[in-house]
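Data block for model-v8.txt (compact mmCIF, C-alpha atoms):
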```txt
# COMPACT_ATOMS: atom_id res chain seq x y z
CA MET Z 1 146.26 24.58 7.11
CA ILE Z 2 147.58 22.43 4.26
CA LEU Z 3 144.11 20.98 3.66
CA GLU Z 4 142.64 24.48 3.73
CA ALA Z 5 145.09 25.65 1.05
CA LEU Z 6 144.50 22.53 -1.02
CA GLY Z 7 140.73 23.00 -0.77
CA SER Z 8 141.06 26.63 -1.81
CA ALA Z 9 143.21 25.69 -4.81
CA VAL Z 10 140.69 23.06 -5.92
CA LEU Z 11 137.85 25.56 -5.46
CA GLY Z 12 139.70 28.16 -7.56
CA LEU Z 13 140.39 25.58 -10.25
CA ALA Z 14 136.72 24.58 -10.34
CA LEU Z 15 135.53 28.18 -10.55
CA ALA Z 16 138.00 28.98 -13.33
CA TRP Z 17 136.93 25.85 -15.23
CA ALA Z 18 133.26 26.88 -14.87
CA ALA Z 19 134.10 30.35 -16.20
CA LEU Z 20 135.85 28.77 -19.18
CA GLN Z 21 132.81 26.64 -19.93
CA CYS Z 22 130.44 29.62 -19.87
CA LEU Z 23 132.60 32.43 -21.26
CA SER Z 24 135.31 30.76 -23.32
CA HIS Z 25 134.83 33.20 -26.23
CA ARG Z 26 135.59 36.18 -23.95
CA LEU Z 27 138.56 34.74 -22.03
CA PRO Z 28 142.22 34.38 -23.06
CA VAL Z 29 144.23 31.14 -23.13
CA ARG Z 30 142.88 28.31 -20.96
CA VAL Z 31 146.12 27.84 -18.99
CA LEU Z 32 146.19 31.51 -17.99
CA VAL Z 33 142.59 31.42 -16.77
CA LEU Z 34 143.10 28.26 -14.72
CA ALA Z 35 146.31 29.57 -13.17
CA THR Z 36 144.66 32.90 -12.34
CA GLY Z 37 141.74 31.12 -10.66
CA VAL Z 38 144.03 29.03 -8.48
CA ALA Z 39 146.32 31.96 -7.61
CA GLY Z 40 143.34 34.16 -6.75
CA ALA Z 41 141.86 31.48 -4.51
CA LEU Z 42 145.14 30.94 -2.67
CA PHE Z 43 145.58 34.67 -2.17
CA GLY Z 44 141.98 35.01 -0.98
CA ASP Z 45 142.48 32.17 1.47
CA PHE Z 46 145.65 33.82 2.76
CA VAL Z 47 143.96 37.21 3.24
CA THR Z 48 140.88 35.71 4.90
CA HIS Z 49 142.96 33.46 7.14
CA SER Z 50 145.16 36.41 8.14
CA ALA Z 51 142.17 38.62 8.90
CA LEU Z 52 140.06 36.10 10.80
CA GLY Z 53 142.71 33.84 12.26
CA SER Z 54 142.50 30.09 12.49
CA GLY Z 55 138.87 29.26 12.83
CA PRO Z 56 136.18 27.53 10.83
CA LEU Z 57 136.93 26.50 7.27
CA LEU Z 58 133.86 28.06 5.63
CA PRO Z 59 134.87 31.76 5.88
CA SER Z 60 138.27 30.99 4.37
CA LEU Z 61 136.68 29.14 1.47
CA ILE Z 62 134.23 31.98 0.90
CA GLY Z 63 137.11 34.46 0.82
CA ALA Z 64 138.99 32.20 -1.58
CA ALA Z 65 135.97 31.98 -3.88
CA VAL Z 66 135.46 35.75 -3.88
CA PHE Z 67 139.09 36.48 -4.75
CA SER Z 68 139.17 33.75 -7.39
CA VAL Z 69 136.07 35.03 -9.16
CA ALA Z 70 137.31 38.61 -8.96
CA SER Z 71 140.70 37.77 -10.42
CA VAL Z 72 139.24 35.69 -13.27
CA SER Z 73 136.75 38.46 -14.05
CA LEU Z 74 139.67 40.81 -14.68
CA LEU Z 75 140.64 38.65 -17.66
CA LEU Z 76 137.31 39.12 -19.47
CA ARG Z 77 137.41 40.85 -22.83
CA PRO Z 78 134.49 42.97 -24.07
CA ALA Z 79 131.85 41.26 -26.16
CA GLY Z 80 131.91 41.94 -29.90
CA ARG Z 81 128.87 44.20 -29.86
CA LEU Z 82 130.42 46.51 -27.25
CA ARG Z 83 133.52 47.34 -29.26
CA ARG Z 84 133.77 50.88 -30.49
CA ARG Z 85 133.40 51.44 -34.23
CA SER Z 86 135.60 53.88 -36.03
CA ALA Z 87 133.95 56.94 -37.52
CA PRO Z 88 133.21 56.77 -41.26
CA ALA Z 89 135.68 58.70 -43.39
```

What is this structure when it is put down as structure tokens?
Amino acid sequence: MILEALGSAVLGLALAWAALQCLSHRLPVRVLVLATGVAGALFGDFVTHSALGSGPLLPSLIGAAVFSVASVSLLLRPAGRLRRRSAPA
């Protein structure tokens, strides 16, 4: 169980780092993104492990990856071209 949690945390950290590399202009502070990725992965591992019980490692890691990506995606800001312009006066 400890190795499963450690693997999930490393997976969340890697996914958050990859998001920072691709979308750094649309994400907030680096520390917040990395912490959110790890926390999301640990929560996803907990939920998956609670739902499926102790079994193979792969479903827990998939659940951790899904929750990590979902939680990091909530931090995305809109791109500059999507921002609403104010009406001319």

Exercise. Please measure the separation of CA of Ala18 (chain Z) and CA of Glu4 (chain Z), giving the value in Å to one decimal.
Key: 21.0 Å

Quiz item: What does the distance between CA of Phe43 (chain Z) and CA of Ala19 (chain Z) come to in Å, to one decimal place?
Solution: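 Calculated distance between CA of Phe43 (chain Z) and CA of Ala19 (chain Z) is 18.6 Å.
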
Quiz item: How many Å lie between CA of Met1 (chain Z) and CA of Leu58 (chain Z), rounded to one decimal?
Solution: 13.0 Å

Quiz item: Between Z:Ala79, Z:Cys22, Z:Leu15, Z:Ala41, which one has atoms that come closest to Gly63 (chain Z), using all atoms listed in the file?
Solution: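 Closest residue, counting all atoms listed in the file: Z:Ala41.
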
Practice problem: Take the point (146.1, 23.2, 2.1) as written in the file and pick out every residue within 12 Å of it, counting all atoms listed in the file; give the list as a list in words. | Solution: Met1, Ile2, Leu3, Glu4, Ala5, Leu6, Gly7, Ser8, Ala9, Val10, Leu11, Ala41, Leu42, Asp45, Phe46, His49, Leu57, Ser60 and Leu61 of chain Z

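Across Z:Gln21, Z:Ser54, Z:Ser68, Z:Ser73, the tightest approach to Ala39 (chain Z) is made by Z:Ser68 when counting only C-alpha atoms.
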
Quiz prompt | Counting all atoms listed in the file, the option among Z:Leu76, Z:Ser50, Z:Gly44, Z:Val29 closest to Ile62 (chain Z) | solution = Z:Gly44

Practice problem: For each of Z:Gly53, Z:Val69, Z:Leu13, Z:Thr48, take the minimum atom-to-atom distance to Arg30 (chain Z), counting only C-alpha atoms, then give the residue where this is smallest. | Solution: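 Of the candidates, the smallest distance to Arg30 (chain Z) is held by Z:Leu13.
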
Complete the atoms of region 60-73 of chain Z to N, CA and C atoms and put them out as a compact mmCIF listing (two decimals), keeping the file's coordinate frame.
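Below you can see selection.txt, which holds the result:
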```txt
# COMPACT_ATOMS: atom_id res chain seq x y z
N SER Z 60 137.08 30.98 5.22
CA SER Z 60 138.27 30.99 4.37
C SER Z 60 137.94 30.56 2.95
N LEU Z 61 137.07 29.57 2.81
CA LEU Z 61 136.68 29.14 1.47
C LEU Z 61 135.83 30.19 0.76
N ILE Z 62 135.01 30.89 1.50
CA ILE Z 62 134.23 31.98 0.90
C ILE Z 62 135.15 33.10 0.42
N GLY Z 63 136.13 33.46 1.24
CA GLY Z 63 137.11 34.46 0.82
C GLY Z 63 137.90 34.02 -0.39
N ALA Z 64 138.26 32.74 -0.43
CA ALA Z 64 138.99 32.20 -1.58
C ALA Z 64 138.14 32.26 -2.84
N ALA Z 65 136.86 31.94 -2.72
CA ALA Z 65 135.97 31.98 -3.88
C ALA Z 65 135.78 33.41 -4.39
N VAL Z 66 135.65 34.35 -3.49
CA VAL Z 66 135.46 35.75 -3.88
C VAL Z 66 136.68 36.27 -4.63
N PHE Z 67 137.88 36.01 -4.10
CA PHE Z 67 139.09 36.48 -4.75
C PHE Z 67 139.32 35.76 -6.08
N SER Z 68 138.98 34.50 -6.14
CA SER Z 68 139.17 33.75 -7.39
C SER Z 68 138.27 34.29 -8.49
N VAL Z 69 137.01 34.50 -8.17
CA VAL Z 69 136.07 35.03 -9.16
C VAL Z 69 136.47 36.44 -9.58
N ALA Z 70 136.91 37.24 -8.63
CA ALA Z 70 137.31 38.61 -8.96
C ALA Z 70 138.54 38.62 -9.86
N SER Z 71 139.49 37.76 -9.60
CA SER Z 71 140.70 37.77 -10.42
C SER Z 71 140.44 37.21 -11.82
N VAL Z 72 139.58 36.21 -11.93
CA VAL Z 72 139.24 35.69 -13.27
C VAL Z 72 138.41 36.71 -14.03
N SER Z 73 137.58 37.47 -13.35
CA SER Z 73 136.75 38.46 -14.05
C SER Z 73 137.60 39.58 -14.65
```
